[in-house]
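Participant: Structure in structure tokens, see below.
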Amino acid sequence: MEPLSITLDAMLVALFGGVVALDRRSAFQVMVSQPLVCVPLLGLVFGYLELAFGVAVLLQLIWMSSVLFGANVPPNDTLASVIISGILFLYANSFGEPSGALICIAILLGVPLSLVGKRFDIRLDRANLDLA
């Protein structure tokens with residue numbers, strides 16, 4: 001696969017993640033940002049719907065108890081889910097269907113990114129309070 005094609009696919013994943021992340025706190029809030037919805041949508045874009053549903057179920061189970069309400073800031077499951085699924089779909093485009101071990105490695109490496117997203121959410125909330 002060409003580097004330009006991989007770059008365009010990565011940009012597509014980033015754009016998709018940005019649009020879906022709006023649903024998390026800023027706009028709409030119709031639960032499109034949940035892993036069970038956003039991962040299959042991204043899988044549909046890349047043509048890996050079966051893989052997407054398998055990964056989405058696992059990711060939804062990981063973050064099932066993280067609920068956004070009041071002052072509670074849960075880990076950013078949307079960020080981690082889009083990154084994990086994006087890695088797997090980009091791999092599938094380049095090398096073929098990922099094995100179960102590779103899916104586990106992607107999840108284990110991607111889950112800590114939800115805590116990074118949580119820190120960004122907290123900083124964003126503080127910046128919005130300063131503006132208000």
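Numbering starts fresh at 1 for the residues of each chain in the structure tokens, the chains themselves are lettered A, B, ... in the order given, and ligands are numbered from 1 as they appear.
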Find the residues around segment 93-96 of chain A up to 12 Å (only C-alpha atoms counted), leave out those fewer than 5 positions away in its own chain, and share them as a PyMOL selection string.
Facilitator: chain A and resi 1-3+5-7+9-10+43+45-48+51+86-88+102
Participant: Find the residues near Val73 of chain A: any atom within 10 Å, counting only C-alpha atoms, skip ones fewer than 4 places away on the same chain, and give them as a compact mmCIF listing (two decimals) with N, CA, C and O atoms, in the first residue's frame.
Facilitator:
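Below is the file that was written, part34.txt:
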# COMPACT_ATOMS: atom_id res chain seq x y z
N SER A 66 -18.60 3.85 32.53
CA SER A 66 -18.16 5.25 32.52
C SER A 66 -19.27 6.12 31.93
O SER A 66 -19.57 6.06 30.75
N VAL A 67 -19.87 6.91 32.81
CA VAL A 67 -21.01 7.72 32.42
C VAL A 67 -20.66 9.19 32.64
O VAL A 67 -20.09 9.55 33.66
N LEU A 68 -21.02 10.01 31.69
CA LEU A 68 -20.77 11.44 31.78
C LEU A 68 -21.99 12.12 32.39
O LEU A 68 -23.06 12.17 31.78
N PHE A 69 -21.84 12.59 33.63
CA PHE A 69 -22.94 13.31 34.28
C PHE A 69 -22.35 14.29 35.29
O PHE A 69 -21.34 14.02 35.92
N LYS A 118 -9.23 12.03 29.00
CA LYS A 118 -9.86 12.57 30.21
C LYS A 118 -9.14 13.83 30.67
O LYS A 118 -9.78 14.82 31.04
N ARG A 119 -7.81 13.81 30.63
CA ARG A 119 -7.05 15.00 31.02
C ARG A 119 -7.34 16.18 30.09
O ARG A 119 -7.46 17.32 30.54
N ASP A 121 -10.14 16.61 28.46
CA ASP A 121 -11.50 17.06 28.78
C ASP A 121 -11.50 17.98 29.99
O ASP A 121 -12.19 19.00 30.01
N ILE A 122 -10.72 17.64 31.01
CA ILE A 122 -10.64 18.47 32.21
C ILE A 122 -10.04 19.83 31.88
O ILE A 122 -10.54 20.87 32.32
N ASP A 125 -12.61 21.86 30.05
CA ASP A 125 -13.62 22.39 30.97
C ASP A 125 -13.09 23.61 31.72
O ASP A 125 -13.81 24.60 31.89
Participant: Which residue gives the smallest distance to Gln60 of chain A among A:Asn128, A:Ser26, A:Gln34, A:Asn72, with only C-alpha atoms counted?
Facilitator: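 Checking each of A:Asn128, A:Ser26, A:Gln34, A:Asn72 against Gln60 of chain A, counting only C-alpha atoms, the winner is A:Gln34.
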Participant: Compile the contact shell of Val111 of chain A as a ChimeraX atom specification: residues with an atom at most 12 Å away, counting only C-alpha atoms, same-chain residues fewer than 5 positions apart removed.
Facilitator: /A:58-60,62-63,75-85,104-106,116-118
Participant: Please measure the separation of atom CA of Gly70 of chain A and atom CA of Asp130 of chain A, giving the value in Å to one decimal.
Facilitator: 18.2 Å
